[in-house]
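Engineer: Sending over final-v2.cif (mmCIF, N, CA and C atoms and all ligand atoms).
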```cif
data_start
loop_
_atom_site.label_atom_id
_atom_site.label_comp_id
_atom_site.auth_asym_id
_atom_site.auth_seq_id
_atom_site.Cartn_x
_atom_site.Cartn_y
_atom_site.Cartn_z
N MET F 1 -22.03 20.29 16.29
CA MET F 1 -21.71 19.16 15.43
C MET F 1 -21.95 17.84 16.17
N LYS F 2 -22.60 16.92 15.52
CA LYS F 2 -22.83 15.60 16.15
C LYS F 2 -21.53 14.81 16.19
N THR F 3 -21.36 14.09 17.27
CA THR F 3 -20.15 13.27 17.39
C THR F 3 -20.52 11.86 17.84
N THR F 4 -19.58 10.98 17.66
CA THR F 4 -19.71 9.59 18.12
C THR F 4 -18.59 9.33 19.11
N LYS F 5 -18.95 8.74 20.25
CA LYS F 5 -17.92 8.42 21.26
C LYS F 5 -17.21 7.13 20.86
N VAL F 6 -15.90 7.17 20.97
CA VAL F 6 -15.08 5.99 20.66
C VAL F 6 -14.23 5.68 21.88
N HIS F 7 -14.14 4.40 22.22
CA HIS F 7 -13.32 3.98 23.35
C HIS F 7 -12.43 2.81 22.94
N ILE F 8 -11.19 2.85 23.37
CA ILE F 8 -10.27 1.72 23.16
C ILE F 8 -9.86 1.20 24.54
N ASP F 9 -10.02 -0.09 24.75
CA ASP F 9 -9.53 -0.71 25.98
C ASP F 9 -8.03 -0.98 25.77
N ARG F 10 -7.23 0.05 25.99
CA ARG F 10 -5.81 -0.02 25.59
C ARG F 10 -5.04 -1.12 26.32
N GLU F 11 -5.48 -1.49 27.50
CA GLU F 11 -4.76 -2.54 28.23
C GLU F 11 -4.81 -3.88 27.50
N GLU F 12 -5.82 -4.03 26.64
CA GLU F 12 -5.97 -5.29 25.91
C GLU F 12 -5.45 -5.19 24.47
N CYS F 13 -4.97 -4.03 24.06
CA CYS F 13 -4.52 -3.82 22.68
C CYS F 13 -3.25 -4.63 22.42
N THR F 14 -3.20 -5.29 21.27
CA THR F 14 -2.03 -6.09 20.90
C THR F 14 -1.05 -5.31 20.02
N GLY F 15 -1.45 -4.10 19.61
CA GLY F 15 -0.59 -3.31 18.74
C GLY F 15 -0.54 -3.82 17.31
N CYS F 16 -1.57 -4.52 16.89
CA CYS F 16 -1.56 -5.13 15.55
C CYS F 16 -1.64 -4.11 14.42
N ALA F 17 -2.10 -2.89 14.73
CA ALA F 17 -2.14 -1.76 13.78
C ALA F 17 -3.31 -1.80 12.80
N GLN F 18 -4.16 -2.79 12.90
CA GLN F 18 -5.27 -2.89 11.95
C GLN F 18 -6.14 -1.62 11.97
N CYS F 19 -6.43 -1.12 13.17
CA CYS F 19 -7.32 0.06 13.26
C CYS F 19 -6.66 1.29 12.64
N ARG F 20 -5.34 1.43 12.84
CA ARG F 20 -4.63 2.59 12.26
C ARG F 20 -4.64 2.53 10.75
N GLU F 21 -4.55 1.32 10.22
CA GLU F 21 -4.58 1.17 8.76
C GLU F 21 -5.98 1.40 8.22
N ALA F 22 -6.99 0.95 8.95
CA ALA F 22 -8.38 1.10 8.49
C ALA F 22 -8.86 2.54 8.61
N CYS F 23 -8.39 3.26 9.62
CA CYS F 23 -8.92 4.60 9.90
C CYS F 23 -7.87 5.49 10.54
N PRO F 24 -6.87 5.90 9.76
CA PRO F 24 -5.79 6.73 10.32
C PRO F 24 -6.24 8.13 10.73
N GLU F 25 -7.44 8.54 10.30
CA GLU F 25 -7.97 9.84 10.71
C GLU F 25 -8.31 9.85 12.20
N VAL F 26 -8.54 8.66 12.76
CA VAL F 26 -8.99 8.56 14.16
C VAL F 26 -7.96 7.85 15.06
N PHE F 27 -7.23 6.87 14.52
CA PHE F 27 -6.35 6.04 15.35
C PHE F 27 -4.89 6.25 14.96
N GLU F 28 -4.02 6.25 15.98
CA GLU F 28 -2.58 6.38 15.74
C GLU F 28 -1.84 5.51 16.76
N GLU F 29 -0.54 5.35 16.50
CA GLU F 29 0.29 4.58 17.43
C GLU F 29 0.78 5.49 18.54
N GLY F 30 0.67 5.03 19.79
CA GLY F 30 1.19 5.80 20.91
C GLY F 30 2.71 5.84 20.84
N PRO F 31 3.35 6.96 21.20
CA PRO F 31 4.80 7.10 21.08
C PRO F 31 5.57 6.27 22.11
N ASP F 32 4.95 5.97 23.24
CA ASP F 32 5.66 5.29 24.32
C ASP F 32 5.42 3.79 24.34
N ASP F 33 4.47 3.35 23.52
CA ASP F 33 4.19 1.92 23.41
C ASP F 33 3.80 1.74 21.95
N ASN F 34 3.53 0.54 21.54
CA ASN F 34 3.07 0.41 20.14
C ASN F 34 1.57 0.16 20.09
N LEU F 35 0.90 0.63 21.12
CA LEU F 35 -0.54 0.43 21.21
C LEU F 35 -1.27 1.59 20.55
N SER F 36 -2.47 1.32 20.09
CA SER F 36 -3.24 2.36 19.41
C SER F 36 -3.91 3.29 20.40
N ARG F 37 -4.07 4.52 19.94
CA ARG F 37 -4.81 5.51 20.72
C ARG F 37 -5.56 6.41 19.75
N ILE F 38 -6.41 7.24 20.28
CA ILE F 38 -7.17 8.17 19.46
C ILE F 38 -6.31 9.41 19.22
N VAL F 39 -6.35 9.92 18.00
CA VAL F 39 -5.52 11.08 17.66
C VAL F 39 -5.88 12.28 18.55
N LYS F 40 -4.89 13.14 18.76
CA LYS F 40 -5.03 14.26 19.70
C LYS F 40 -6.27 15.12 19.42
N LYS F 41 -6.51 15.33 18.13
CA LYS F 41 -7.61 16.20 17.71
C LYS F 41 -8.96 15.77 18.30
N TYR F 42 -9.14 14.47 18.47
CA TYR F 42 -10.45 13.97 18.89
C TYR F 42 -10.46 13.35 20.27
N ARG F 43 -9.29 13.24 20.92
CA ARG F 43 -9.31 12.53 22.20
C ARG F 43 -9.88 13.40 23.31
N THR F 44 -10.49 12.73 24.29
CA THR F 44 -11.11 13.46 25.40
C THR F 44 -10.46 13.07 26.73
N ASP F 45 -9.34 12.36 26.68
CA ASP F 45 -8.59 12.07 27.89
C ASP F 45 -7.10 12.22 27.56
N ASP F 46 -6.24 12.06 28.55
CA ASP F 46 -4.80 12.23 28.32
C ASP F 46 -4.20 11.05 27.57
N GLU F 47 -4.74 9.90 27.82
CA GLU F 47 -4.15 8.65 27.33
C GLU F 47 -4.52 8.33 25.88
N GLY F 48 -5.68 8.85 25.44
CA GLY F 48 -6.14 8.53 24.09
C GLY F 48 -7.00 7.28 24.04
N ALA F 49 -7.51 6.87 25.18
CA ALA F 49 -8.41 5.72 25.21
C ALA F 49 -9.84 6.12 24.88
N GLN F 50 -10.12 7.41 25.00
CA GLN F 50 -11.49 7.91 24.86
C GLN F 50 -11.49 9.08 23.89
N GLY F 51 -12.52 9.15 23.04
CA GLY F 51 -12.58 10.29 22.12
C GLY F 51 -13.98 10.55 21.63
N ASP F 52 -14.13 11.72 21.03
CA ASP F 52 -15.37 12.12 20.37
C ASP F 52 -15.02 12.42 18.92
N VAL F 53 -15.54 11.63 18.00
CA VAL F 53 -15.20 11.87 16.59
C VAL F 53 -16.42 12.41 15.85
N PRO F 54 -16.18 13.30 14.88
CA PRO F 54 -17.30 13.81 14.11
C PRO F 54 -18.01 12.68 13.37
N ASP F 55 -19.30 12.85 13.16
CA ASP F 55 -20.09 11.76 12.59
C ASP F 55 -19.64 11.35 11.19
N ASP F 56 -18.98 12.26 10.47
CA ASP F 56 -18.53 11.84 9.13
C ASP F 56 -17.34 10.87 9.21
N LEU F 57 -16.77 10.69 10.40
CA LEU F 57 -15.72 9.68 10.57
C LEU F 57 -16.22 8.44 11.31
N ALA F 58 -17.52 8.43 11.62
CA ALA F 58 -18.06 7.30 12.39
C ALA F 58 -17.97 5.98 11.62
N ASP F 59 -18.22 6.03 10.30
CA ASP F 59 -18.16 4.78 9.51
C ASP F 59 -16.74 4.23 9.50
N CYS F 60 -15.79 5.13 9.35
CA CYS F 60 -14.38 4.74 9.35
C CYS F 60 -14.00 4.14 10.71
N ALA F 61 -14.41 4.78 11.79
CA ALA F 61 -14.12 4.25 13.12
C ALA F 61 -14.81 2.92 13.34
N ARG F 62 -16.02 2.78 12.78
CA ARG F 62 -16.75 1.51 12.93
C ARG F 62 -16.05 0.39 12.16
N ASP F 63 -15.54 0.70 10.98
CA ASP F 63 -14.78 -0.31 10.22
C ASP F 63 -13.57 -0.77 11.03
N ALA F 64 -12.91 0.18 11.68
CA ALA F 64 -11.74 -0.17 12.51
C ALA F 64 -12.18 -1.05 13.66
N ALA F 65 -13.30 -0.70 14.30
CA ALA F 65 -13.79 -1.48 15.43
C ALA F 65 -14.16 -2.90 14.97
N ASP F 66 -14.82 -2.99 13.81
CA ASP F 66 -15.23 -4.31 13.30
C ASP F 66 -14.01 -5.18 12.98
N GLY F 67 -12.92 -4.53 12.60
CA GLY F 67 -11.73 -5.29 12.20
C GLY F 67 -10.78 -5.60 13.33
N CYS F 68 -11.01 -5.03 14.50
CA CYS F 68 -10.09 -5.26 15.62
C CYS F 68 -10.17 -6.72 16.05
N PRO F 69 -9.06 -7.45 15.98
CA PRO F 69 -9.13 -8.89 16.27
C PRO F 69 -9.48 -9.23 17.70
N VAL F 70 -9.25 -8.29 18.62
CA VAL F 70 -9.58 -8.58 20.01
C VAL F 70 -10.82 -7.80 20.49
N GLU F 71 -11.47 -7.12 19.54
CA GLU F 71 -12.77 -6.46 19.78
C GLU F 71 -12.76 -5.54 21.01
N ILE F 72 -11.82 -4.62 21.02
CA ILE F 72 -11.71 -3.72 22.18
C ILE F 72 -12.03 -2.27 21.84
N ILE F 73 -12.47 -2.03 20.59
CA ILE F 73 -12.88 -0.67 20.20
C ILE F 73 -14.40 -0.64 20.25
N THR F 74 -14.96 0.29 21.02
CA THR F 74 -16.42 0.41 21.10
C THR F 74 -16.85 1.82 20.71
N LEU F 75 -18.02 1.89 20.09
CA LEU F 75 -18.57 3.17 19.65
C LEU F 75 -19.95 3.33 20.29
N ASP F 76 -20.30 4.57 20.65
CA ASP F 76 -21.68 4.83 21.03
C ASP F 76 -22.04 6.29 20.82
S1 LIG F 101 -7.03 -3.21 15.91
FE1 LIG F 101 -7.41 -3.50 18.12
S2 LIG F 101 -5.68 -4.72 18.86
FE2 LIG F 101 -5.10 -3.94 16.84
S3 LIG F 101 -3.96 -2.03 17.29
FE3 LIG F 101 -6.12 -1.45 16.99
S4 LIG F 101 -7.06 -1.46 19.03
FE4 LIG F 101 -5.11 -2.57 19.15
#
```
For the structure just supplied, provide its representation as structure tokens.
Ligand code: SF4
Structural biologist:
Amino acid sequence: MKTTKVHIDREECTGCAQCREACPEVFEEGPDDNLSRIVKKYRTDDEGAQGDVPDDLADCARDAADGCPVEIITLD
């Protein structure tokens, strides 16, 4: 299955929740902070800063990235 890599620079996240609202299939609130992370299903690290999402969720993740006010979500 083709995937798209998603990265969140969590140190710069303001916790505004825009990405979680735009794409809850990929982004969630971390339990120990109010910062966003990638959902367990797709994350590729312990912290949730890095993930591989199926291509059918790439548009949703891209919408979230486009809407992030501090532009810290990157896709490749
Ligand atoms: S939209 Fe950006 S700043 Fe807001 S919670 Fe998501 S990653 Fe953090």
Engineer: With only C-alpha atoms and all ligand atoms counted and 10 Å as the cut-off, give the residues of chain F in contact with ligand LIG 101 (chain F), each with its shortest interatomic distance in Å and the pair that gives it, as JSON lines.
Structural biologist:
```
{"residue": "F:His7", "atom": "CA", "partner": "F:LIG101", "partner_atom": "S4", "distance": 9.4}
{"residue": "F:Ile8", "atom": "CA", "partner": "F:LIG101", "partner_atom": "S4", "distance": 6.1}
{"residue": "F:Asp9", "atom": "CA", "partner": "F:LIG101", "partner_atom": "S4", "distance": 7.4}
{"residue": "F:Arg10", "atom": "CA", "partner": "F:LIG101", "partner_atom": "S4", "distance": 6.8}
{"residue": "F:Glu11", "atom": "CA", "partner": "F:LIG101", "partner_atom": "FE4", "distance": 9.1}
{"residue": "F:Glu12", "atom": "CA", "partner": "F:LIG101", "partner_atom": "S2", "distance": 7.1}
{"residue": "F:Cys13", "atom": "CA", "partner": "F:LIG101", "partner_atom": "FE4", "distance": 3.8}
{"residue": "F:Thr14", "atom": "CA", "partner": "F:LIG101", "partner_atom": "S2", "distance": 4.4}
{"residue": "F:Gly15", "atom": "CA", "partner": "F:LIG101", "partner_atom": "S3", "distance": 3.9}
{"residue": "F:Cys16", "atom": "CA", "partner": "F:LIG101", "partner_atom": "FE2", "distance": 4.0}
{"residue": "F:Ala17", "atom": "CA", "partner": "F:LIG101", "partner_atom": "S3", "distance": 4.0}
{"residue": "F:Gln18", "atom": "CA", "partner": "F:LIG101", "partner_atom": "S1", "distance": 4.3}
{"residue": "F:Cys19", "atom": "CA", "partner": "F:LIG101", "partner_atom": "FE3", "distance": 4.2}
{"residue": "F:Arg20", "atom": "CA", "partner": "F:LIG101", "partner_atom": "FE3", "distance": 6.4}
{"residue": "F:Glu21", "atom": "CA", "partner": "F:LIG101", "partner_atom": "S1", "distance": 8.7}
{"residue": "F:Ala22", "atom": "CA", "partner": "F:LIG101", "partner_atom": "S1", "distance": 8.7}
{"residue": "F:Cys23", "atom": "CA", "partner": "F:LIG101", "partner_atom": "FE3", "distance": 9.7}
{"residue": "F:Phe27", "atom": "CA", "partner": "F:LIG101", "partner_atom": "FE3", "distance": 7.7}
{"residue": "F:Glu28", "atom": "CA", "partner": "F:LIG101", "partner_atom": "S3", "distance": 8.7}
{"residue": "F:Glu29", "atom": "CA", "partner": "F:LIG101", "partner_atom": "S3", "distance": 7.9}
{"residue": "F:Asn34", "atom": "CA", "partner": "F:LIG101", "partner_atom": "S3", "distance": 8.0}
{"residue": "F:Leu35", "atom": "CA", "partner": "F:LIG101", "partner_atom": "S3", "distance": 5.8}
{"residue": "F:Ser36", "atom": "CA", "partner": "F:LIG101", "partner_atom": "S3", "distance": 4.9}
{"residue": "F:Arg37", "atom": "CA", "partner": "F:LIG101", "partner_atom": "S4", "distance": 7.5}
{"residue": "F:Ile38", "atom": "CA", "partner": "F:LIG101", "partner_atom": "S4", "distance": 9.6}
{"residue": "F:Ala49", "atom": "CA", "partner": "F:LIG101", "partner_atom": "S4", "distance": 9.6}
{"residue": "F:Ala64", "atom": "CA", "partner": "F:LIG101", "partner_atom": "S1", "distance": 6.6}
{"residue": "F:Ala65", "atom": "CA", "partner": "F:LIG101", "partner_atom": "S1", "distance": 7.0}
{"residue": "F:Asp66", "atom": "CA", "partner": "F:LIG101", "partner_atom": "S1", "distance": 8.7}
{"residue": "F:Gly67", "atom": "CA", "partner": "F:LIG101", "partner_atom": "S1", "distance": 6.3}
{"residue": "F:Cys68", "atom": "CA", "partner": "F:LIG101", "partner_atom": "S1", "distance": 3.7}
{"residue": "F:Pro69", "atom": "CA", "partner": "F:LIG101", "partner_atom": "FE1", "distance": 6.0}
{"residue": "F:Val70", "atom": "CA", "partner": "F:LIG101", "partner_atom": "S2", "distance": 5.6}
{"residue": "F:Glu71", "atom": "CA", "partner": "F:LIG101", "partner_atom": "FE1", "distance": 6.3}
{"residue": "F:Ile72", "atom": "CA", "partner": "F:LIG101", "partner_atom": "FE1", "distance": 5.9}
{"residue": "F:Ile73", "atom": "CA", "partner": "F:LIG101", "partner_atom": "S4", "distance": 6.0}
{"residue": "F:Thr74", "atom": "CA", "partner": "F:LIG101", "partner_atom": "S4", "distance": 9.8}
```
Engineer: Can you work out which one of F:Gly48, F:Pro54, F:Pro31, F:Pro24 has the shortest atom-to-atom distance to Thr4 of chain F, counting only C-alpha atoms?
Structural biologist: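 Closest candidate: F:Pro54.
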Engineer: Per DSSP on the backbone, what are the strand (DSSP E) residues of chain F, as an MDAnalysis selection string?
Structural biologist: chainID F and resid 3:8 27:29 36:38 50:54 73:75
Engineer: So which one's closest to Tyr42 of chain F, F:Asp56, F:Ala61, F:Glu25, F:Leu75? Using only N, CA and C atoms, please.
Structural biologist: F:Glu25
Engineer: List every residue of chain F that DSSP, applied to the backbone of this structure, assigns to helix (DSSP H, G or I), and report them as a PyMOL selection string.
Structural biologist: chain F and resi 10-12+18-22+55-67
Engineer: Just to confirm, what's the straight-line distance from atom CA of Asp76 of chain F to atom C of Lys5 of chain F in Å (one decimal)?
Structural biologist: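 Atom-to-atom, atom CA of Asp76 of chain F to atom C of Lys5 of chain F, that is 5.0 Å.
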Engineer: Grab the atom N of Asp55 of chain F to atom N of Met1 of chain F distance for me, in Å with one decimal place.
Structural biologist: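 Answer for the atom N of Asp55 of chain F to atom N of Met1 of chain F separation: 8.5 Å.
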Engineer: Please list as number ranges by chain every residue within 9 Å of Lys40 of chain F, counting only C-alpha atoms and excluding residues in the same chain fewer than 6 positions away.
Structural biologist: F: 26, 46, 48, 51
Engineer: Give me, please, the distance in Å between atom CA of Gly30 of chain F and atom CA of Ala58 of chain F, quoted to one decimal.
Structural biologist: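 Computing the Euclidean distance for atom CA of Gly30 of chain F and atom CA of Ala58 of chain F yields 21.1 Å.
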